[in-house]
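As stored in start-v2.txt (compact mmCIF, C-alpha atoms):
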```
# COMPACT_ATOMS: atom_id res chain seq x y z
CA MET A 785 0.00 0.00 0.00
CA SER A 786 2.61 2.53 1.01
CA ASP A 787 4.92 4.25 -1.39
CA PRO A 788 8.43 2.84 -0.86
CA GLU A 789 9.97 6.25 -1.47
CA GLN A 790 7.87 7.91 1.20
CA PRO A 791 8.85 6.61 4.62
CA GLN A 792 5.91 5.79 6.89
CA ARG A 793 3.24 8.04 5.53
CA PRO A 794 -0.11 7.56 7.22
CA ASP A 795 -2.88 6.10 5.10
CA TRP A 796 -4.78 9.32 5.23
CA GLU A 797 -3.83 12.93 5.28
CA GLU A 798 -4.21 14.63 8.58
CA GLY A 799 -6.37 17.29 7.01
CA GLY A 800 -8.28 14.99 4.71
CA PRO A 801 -11.92 13.95 4.84
CA GLU A 802 -11.00 10.47 6.14
CA ARG A 803 -9.74 11.92 9.38
CA LEU A 804 -12.91 13.94 9.86
CA TYR A 805 -14.86 10.74 9.30
CA VAL A 806 -12.90 9.08 12.10
CA ILE A 807 -13.39 11.96 14.52
CA THR A 808 -17.15 11.79 14.10
CA SER A 809 -17.17 7.95 14.03
CA GLY A 810 -18.64 8.21 10.58
CA ARG A 811 -21.82 9.79 11.79
CA ASP A 812 -23.67 12.53 10.10
CA LEU A 813 -25.87 14.72 12.19
CA PRO A 814 -28.90 12.76 13.38
CA ASP A 815 -31.04 15.52 11.99
CA LYS A 816 -29.72 17.66 9.17
CA ARG A 817 -31.34 20.65 10.78
CA SER A 818 -29.13 20.71 13.81
CA PRO A 819 -30.47 22.66 16.77
CA LEU A 820 -26.98 24.12 17.03
CA ASP A 821 -26.46 27.46 15.39
CA MET A 822 -23.08 29.01 14.59
CA VAL A 823 -23.74 31.36 17.51
CA THR A 824 -25.19 28.91 20.00
CA LEU A 825 -23.13 29.47 23.15
CA ILE A 826 -21.57 26.41 24.74
CA VAL A 827 -20.49 26.26 28.39
CA SER A 828 -18.85 23.31 30.15
CA ARG A 829 -20.65 21.78 33.10
CA ASN A 830 -17.77 19.68 34.33
CA GLU A 831 -14.09 18.96 33.78
CA ALA A 832 -12.74 17.16 30.76
CA GLY A 833 -12.65 13.42 31.54
CA GLY A 834 -10.10 10.81 30.52
CA SER A 835 -12.65 8.74 28.66
CA MET A 836 -13.45 11.53 26.23
CA GLN A 837 -12.17 11.69 22.71
CA PRO A 838 -9.32 14.25 22.51
CA GLU A 839 -11.41 16.64 20.43
CA GLN A 840 -14.30 16.46 22.87
CA ALA A 841 -11.97 16.92 25.84
CA ALA A 842 -10.57 20.01 24.09
CA ILE A 843 -14.07 21.45 23.71
CA VAL A 844 -14.89 20.89 27.37
CA ARG A 845 -11.57 22.47 28.35
CA ILE A 846 -11.89 25.68 26.31
CA CYS A 847 -15.57 26.21 27.15
CA ASP A 848 -15.02 27.05 30.81
CA TYR A 849 -16.40 30.44 29.73
CA PRO A 850 -19.12 30.63 27.07
CA LEU A 851 -17.93 30.17 23.48
CA SER A 852 -19.99 30.12 20.31
CA VAL A 853 -19.97 27.06 18.04
CA ALA A 854 -18.13 29.19 15.48
CA GLU A 855 -15.40 30.04 17.99
CA ILE A 856 -15.00 26.39 18.97
CA SER A 857 -14.63 25.55 15.27
CA ALA A 858 -11.97 28.23 14.90
CA TYR A 859 -9.95 27.16 17.95
CA LEU A 860 -10.09 23.44 17.11
CA HIS A 861 -9.46 24.03 13.41
CA LEU A 862 -12.39 21.79 12.53
CA PRO A 863 -15.43 22.54 10.36
CA VAL A 864 -18.63 23.64 12.09
CA SER A 865 -20.39 20.50 10.86
CA VAL A 866 -17.83 18.30 12.67
CA ILE A 867 -18.06 20.40 15.83
CA ALA A 868 -21.84 19.99 15.71
CA VAL A 869 -21.50 16.19 15.77
CA LEU A 870 -19.02 16.30 18.65
CA LEU A 871 -21.29 18.65 20.59
CA THR A 872 -24.33 16.44 20.13
CA ASP A 873 -22.63 13.78 22.28
CA LEU A 874 -21.35 16.25 24.85
CA LEU A 875 -24.80 17.79 25.19
CA SER A 876 -26.60 14.48 25.59
CA ASN A 877 -24.08 13.38 28.22
CA GLY A 878 -24.49 16.65 30.07
CA HIS A 879 -20.81 17.60 29.80
CA VAL A 880 -21.73 20.94 28.28
CA GLU A 881 -24.82 23.10 28.13
CA ALA A 882 -26.06 25.17 25.20
CA ARG A 883 -27.46 28.68 25.41
CA VAL A 884 -29.64 29.12 22.37
CA PRO A 885 -29.39 32.22 20.17
CA ALA A 886 -31.91 34.98 20.58
CA PRO A 887 -34.81 34.42 18.15
CA ALA A 888 -34.77 36.80 15.24
CA LYS A 889 -37.86 36.48 13.04
CA LEU A 890 -38.60 39.41 12.98
CA PRO A 891 -36.46 40.46 15.91
CA ASP A 892 -38.27 42.09 18.76
CA VAL A 893 -37.86 45.77 19.39
CA ALA A 894 -36.27 45.34 22.81
CA LEU A 895 -33.58 43.09 21.36
CA LEU A 896 -32.79 45.55 18.56
CA GLU A 897 -32.64 48.41 21.03
CA ALA A 898 -30.21 46.41 23.18
CA VAL A 899 -28.00 45.84 20.11
CA MET A 900 -28.11 49.52 19.16
CA HIS A 901 -27.32 50.59 22.68
CA GLY A 902 -24.36 48.21 22.79
CA LEU A 903 -23.03 49.42 19.44
CA GLN A 904 -23.31 53.05 20.47
CA ASN A 905 -21.00 52.27 23.37
CA LEU A 906 -18.26 50.97 21.06
CA MET B 513 -5.94 26.23 7.33
CA ASP B 514 -5.57 22.50 7.79
CA PHE B 515 -7.78 20.41 10.00
CA ARG B 516 -5.22 19.34 12.53
CA ILE B 517 -5.30 18.91 16.22
CA SER B 518 -1.86 17.39 16.82
CA GLU B 519 -0.78 20.38 18.86
CA PRO B 520 -2.72 21.10 22.05
CA VAL B 521 -5.83 23.13 21.40
CA VAL B 522 -5.46 26.65 22.69
CA GLY B 523 -8.67 28.44 23.57
CA PRO B 524 -9.22 32.17 23.85
CA ARG B 525 -6.79 34.34 25.81
CA SER B 526 -8.25 35.08 29.21
CA GLU B 527 -8.93 38.71 28.26
CA ASP B 528 -10.96 37.44 25.29
CA ALA B 529 -13.28 35.28 27.40
CA LEU B 530 -16.95 36.21 27.41
CA PRO B 531 -18.54 37.05 30.75
CA ALA B 532 -20.07 33.90 32.28
CA SER B 533 -23.35 35.85 32.52
CA VAL B 534 -23.85 36.01 28.73
CA THR B 535 -27.06 34.16 27.93
CA SER B 536 -27.65 34.72 24.26
CA ALA B 537 -26.05 35.68 21.00
CA VAL B 538 -27.21 37.39 17.84
CA LYS B 539 -25.53 37.49 14.46
CA VAL B 540 -25.17 39.82 11.54
CA VAL B 541 -23.67 38.81 8.20
CA VAL B 542 -21.42 40.99 6.05
CA VAL B 543 -21.66 39.87 2.42
CA GLY B 544 -19.46 40.94 -0.42
CA GLY B 545 -17.02 39.87 -3.12
CA PHE B 546 -13.36 39.04 -2.57
CA GLY B 547 -11.26 41.98 -1.51
CA VAL B 548 -14.21 44.24 -0.84
CA GLY B 549 -13.25 44.66 2.81
CA LYS B 550 -15.48 42.24 4.74
CA THR B 551 -12.73 41.11 7.08
CA THR B 552 -11.51 44.68 7.43
CA LEU B 553 -14.97 45.76 8.54
CA VAL B 554 -15.33 42.83 10.93
CA GLY B 555 -11.86 43.53 12.37
CA ALA B 556 -12.61 47.24 12.76
CA VAL B 557 -15.48 46.66 15.19
CA SER B 558 -14.60 43.29 16.74
CA GLU B 559 -13.33 43.12 20.31
CA ILE B 560 -11.32 40.01 19.44
CA LYS B 561 -8.89 39.49 16.59
CA PRO B 562 -11.11 38.04 13.84
CA LEU B 563 -11.24 34.24 13.91
CA THR B 564 -11.63 31.90 10.97
CA THR B 565 -14.09 29.07 10.71
CA GLU B 566 -14.50 26.92 7.69
CA GLU B 567 -16.89 24.60 6.01
CA THR B 568 -16.29 21.84 3.54
CA MET B 569 -17.44 22.56 0.05
CA THR B 570 -19.06 19.34 -1.07
CA GLN B 571 -20.67 20.61 -4.24
CA ALA B 572 -18.98 19.78 -7.49
CA SER B 573 -17.27 22.96 -8.50
CA THR B 574 -16.35 21.79 -11.97
CA GLY B 575 -18.05 23.79 -14.63
CA VAL B 576 -19.17 26.40 -12.15
CA ASP B 577 -15.82 27.84 -11.43
CA ASP B 578 -12.14 27.09 -11.70
CA ILE B 579 -10.40 26.87 -8.39
CA ALA B 580 -6.69 26.33 -8.80
CA GLY B 581 -5.31 23.42 -6.85
CA VAL B 582 -8.44 21.33 -6.41
CA GLU B 583 -7.57 18.80 -9.10
CA ARG B 584 -6.52 16.22 -6.53
CA LYS B 585 -9.33 16.78 -4.10
CA SER B 586 -13.00 16.22 -4.51
CA GLU B 587 -13.67 18.63 -1.66
CA THR B 588 -12.32 21.98 -0.72
CA THR B 589 -12.89 24.22 2.24
CA VAL B 590 -14.13 27.76 2.39
CA ALA B 591 -13.04 30.03 5.20
CA MET B 592 -15.24 32.59 6.89
CA ASP B 593 -13.86 35.27 9.16
CA PHE B 594 -15.86 36.47 12.10
CA GLY B 595 -15.62 38.82 15.04
CA ARG B 596 -17.47 39.50 18.25
CA ILE B 597 -18.91 42.45 20.16
CA THR B 598 -20.13 42.01 23.72
CA LEU B 599 -23.17 44.27 23.84
CA ASN B 600 -23.99 43.94 27.53
CA ASP B 601 -23.68 41.43 30.38
CA GLU B 602 -26.16 39.09 28.72
CA LEU B 603 -25.99 39.68 24.99
CA VAL B 604 -23.23 39.23 22.44
CA LEU B 605 -23.16 40.04 18.72
CA TYR B 606 -21.24 37.93 16.21
CA LEU B 607 -20.35 39.39 12.87
CA PHE B 608 -19.61 37.00 10.00
CA GLY B 609 -18.03 37.91 6.69
CA THR B 610 -19.09 35.64 3.85
CA PRO B 611 -18.29 35.68 0.14
CA GLY B 612 -21.14 36.77 -2.08
CA GLN B 613 -20.38 34.77 -5.20
CA GLN B 614 -22.99 32.26 -6.19
CA ARG B 615 -20.70 29.27 -5.72
CA PHE B 616 -20.53 30.04 -2.01
CA TRP B 617 -24.26 30.28 -1.42
CA PHE B 618 -24.21 26.80 0.11
CA LEU B 619 -22.55 28.48 3.09
CA TRP B 620 -25.54 30.70 3.60
CA ASN B 621 -27.95 28.08 4.87
CA GLY B 622 -26.69 27.73 8.41
CA LEU B 623 -25.36 31.24 8.45
CA PHE B 624 -28.42 33.31 7.67
CA GLU B 625 -30.84 31.22 9.68
CA GLY B 626 -31.64 33.33 12.69
CA ALA B 627 -29.44 36.22 11.57
CA LEU B 628 -30.79 39.68 12.38
CA GLY B 629 -29.85 41.01 8.96
CA ALA B 630 -27.02 41.64 6.53
CA VAL B 631 -24.70 44.39 5.43
CA VAL B 632 -23.95 44.13 1.71
CA LEU B 633 -20.52 45.63 1.24
CA ILE B 634 -19.94 47.06 -2.20
CA ASP B 635 -16.88 48.08 -4.16
CA THR B 636 -17.94 50.55 -6.86
CA ARG B 637 -15.24 49.16 -9.14
CA ARG B 638 -17.08 45.82 -9.24
CA LEU B 639 -20.75 46.57 -8.95
CA GLU B 640 -21.87 43.53 -10.90
CA ASP B 641 -20.76 41.26 -8.02
CA SER B 642 -23.38 42.66 -5.71
CA PHE B 643 -26.40 42.40 -7.94
CA ASP B 644 -27.00 38.67 -7.47
CA VAL B 645 -26.28 38.91 -3.76
CA MET B 646 -29.10 41.36 -3.17
CA GLY B 647 -31.53 39.34 -5.25
CA ARG B 648 -30.67 36.26 -3.26
CA LEU B 649 -31.12 38.06 0.08
CA GLU B 650 -34.50 39.33 -1.03
CA GLU B 651 -35.52 35.80 -1.96
CA ARG B 652 -34.59 34.65 1.51
CA GLY B 653 -36.50 37.52 3.09
CA MET B 654 -33.30 38.63 4.78
CA PRO B 655 -33.29 42.38 5.48
CA PHE B 656 -30.12 44.19 4.44
CA VAL B 657 -28.51 47.57 4.08
CA VAL B 658 -25.94 48.48 1.43
CA ALA B 659 -22.60 49.93 2.50
CA ILE B 660 -20.28 51.35 -0.13
CA ASN B 661 -16.70 50.83 0.93
CA ALA B 662 -14.78 53.91 -0.10
CA PHE B 663 -11.67 52.80 -1.97
CA PRO B 664 -9.39 55.73 -2.84
CA ASP B 665 -9.19 54.87 -6.54
CA ALA B 666 -12.82 53.84 -6.93
CA PRO B 667 -15.13 55.92 -9.08
CA SER B 668 -17.38 58.03 -6.91
CA HIS B 669 -21.06 57.74 -7.74
CA PRO B 670 -23.86 59.60 -6.05
CA VAL B 671 -25.93 57.22 -3.92
CA SER B 672 -28.98 57.88 -6.11
CA GLU B 673 -27.08 56.68 -9.19
CA LEU B 674 -25.94 53.50 -7.45
CA ARG B 675 -29.42 52.86 -6.18
CA ALA B 676 -30.75 53.04 -9.71
CA ALA B 677 -27.89 51.03 -11.21
CA LEU B 678 -28.30 48.23 -8.70
CA ASP B 679 -32.08 48.42 -8.54
CA ILE B 680 -32.04 48.80 -4.77
CA PRO B 681 -35.54 49.20 -3.28
CA ASP B 682 -36.20 52.72 -1.97
CA ALA B 683 -36.69 51.51 1.56
CA VAL B 684 -33.25 49.89 1.76
CA PRO B 685 -30.66 52.27 3.26
CA VAL B 686 -27.51 52.90 1.21
CA ILE B 687 -24.56 54.41 3.03
CA ASP B 688 -20.91 55.24 2.50
CA CYS B 689 -18.53 53.34 4.73
CA ASP B 690 -14.83 53.22 5.40
CA ALA B 691 -14.36 49.60 6.49
CA ARG B 692 -10.99 50.43 8.05
CA ASN B 693 -12.61 52.86 10.42
CA ARG B 694 -14.22 51.60 13.61
CA GLY B 695 -16.74 54.43 13.86
CA SER B 696 -17.73 54.20 10.22
CA SER B 697 -18.15 50.41 10.38
CA ARG B 698 -20.12 50.69 13.60
CA ASP B 699 -22.39 53.24 11.91
CA ALA B 700 -23.04 50.76 9.10
CA LEU B 701 -24.21 48.25 11.71
CA LEU B 702 -26.30 50.88 13.45
CA THR B 703 -27.92 51.77 10.13
CA LEU B 704 -28.89 48.12 9.75
CA MET B 705 -30.30 48.02 13.29
CA ARG B 706 -32.34 51.19 12.77
CA TYR B 707 -33.66 49.77 9.52
CA LEU B 708 -34.65 46.52 11.26
CA HIS B 709 -36.25 48.58 13.99
CA THR B 710 -38.32 50.40 11.37
CA LEU B 711 -39.34 47.11 9.76
CA THR B 712 -40.33 45.66 13.11
CA THR B 713 -42.35 48.62 14.26
CA THR B 714 -44.14 49.33 10.99
CA THR B 715 -46.29 47.18 8.72
CA PRO B 716 -45.25 43.52 8.45
CA GLU B 717 -44.59 43.79 4.71
CA PRO B 718 -40.92 44.71 4.37
CA TRP B 719 -40.77 44.01 0.66
```

Since I need it in another form, could you write the structure as structure tokens?
Amino acid sequence: MSDPEQPQRPDWEEGGPERLYVITSGRDLPDKRSPLDMVTLIVSRNEAGGSMQPEQAAIVRICDYPLSVAEISAYLHLPVSVIAVLLTDLLSNGHVEARVPAPAKLPDVALLEAVMHGLQNL
Amino acid sequence: MDFRISEPVVGPRSEDALPASVTSAVKVVVVGGFGVGKTTLVGAVSEIKPLTTEETMTQASTGVDDIAGVERKSETTVAMDFGRITLNDELVLYLFGTPGQQRFWFLWNGLFEGALGAVVLIDTRRLEDSFDVMGRLEERGMPFVVAINAFPDAPSHPVSELRAALDIPDAVPVIDCDARNRGSSRDALLTLMRYLHTLTTTTPEPW
């Protein structure tokens, strides 16, 4: 299988789709319409445990303060879709909690006024 | 950016951590062509150095567009830069920059869902790029304002001319913006918020 001129290359590239498949155990999201938004805030509820997958332990570790799904994706250098799969497990096991985004259809006046007020303070 | 996790994952610097009291987040999307200044605008107002997230592009790109270097791969990734503004103890705003070209519209699905609205950033040297973007936003029922990023060598058009050229509905605000400038970029966001406020408090027929 391996190229004799290339010493000990792994069978898959570290950045390739195969590795992402392994991280998520080959699962797609149970429901394509994930309840997780890019800006759903994730907060750890307990410490990272030894039985966790390294990527999941990393999520639990960096979410000691709230972080959005997008930020987790950026810090772990993994696509949002992969983070969503990892979070589904962590959420169902109660290792992390999710704070859902403010609804925005159409956004309520109080929410918009809070945003404007915050921006004016920039 | 490669997907790699060999080195220990480093989270945010402690000064970049959100207050534990933050309960919800809202998002605004900045749409525009390459080089129009999306990341510059995001960086101008963000309290953190803009971060990059990415999604895998699973659509066949052959025939739609030539992307150099994808011959070997059946998939490629598209990066999106984003920033953050903590608005108060409970509320945080995320600002995403996303490319406007049609081949990237697959990114829009998760991104625009639940977004408050969009800022369409325009370079007057490449007006044609923005036409499809606005049509697409209208289809999605996503409210937007148009911000013209002032490039020094760009032709200067009166707003009324641009509005006519791009067929922008009268109700949609069009503003000049210097994406490098914090105040100017903030004002673009405020214009969007005031517009949304108007839509919310008037008749429920924005278009």

Near-segment 897-906 of chain A list (8 Å; all atoms listed in the file; drop same-chain fewer than 3 positions) as a PyMOL selection string: (chain A and resi 893-894) or (chain B and resi 557+598-600+605+698+701-702+705-706+709)

Within 8 Å of chain A: residues of chain B, using only C-alpha atoms, as a PyMOL selection string: chain B and resi 513-517+521-524+529-532+534-539+557+563-568+598-600+605-606+622-623+626-628+698+701-702+705-706+708-709+712-713

Contacts of Asp699 of chain B within 10 Å, only C-alpha atoms, excl. fewer than 4 positions in-chain, as a ChimeraX atom specification: /A:900,903-904 /B:659,687-690,693-695,703-705

Contacts of Ala630 of chain B within 8 Å, only C-alpha atoms, excl. fewer than 4 positions in-chain, as a list in words: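 Once the nearby chain positions are removed, what remains is Val540, Val541, Val542, Val543, Met654, Pro655, Phe656, Val657 and Leu704 of chain B.
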
Find the spatial neighbours of Arg829 of chain A, counting all atoms listed in the file, within a cut-off of 7 Å - ignore same-chain residues fewer than 3 positions away - and output them as a PDB file with C-alpha atoms, in the coordinates of the input.
```pdb
ATOM      1  CA  HIS A 879     -20.810  17.600  29.800  1.00  0.00           C
ATOM      2  CA  VAL A 880     -21.730  20.940  28.280  1.00  0.00           C
ATOM      3  CA  GLU A 881     -24.820  23.100  28.130  1.00  0.00           C
TER       4      GLU A 881
END
```
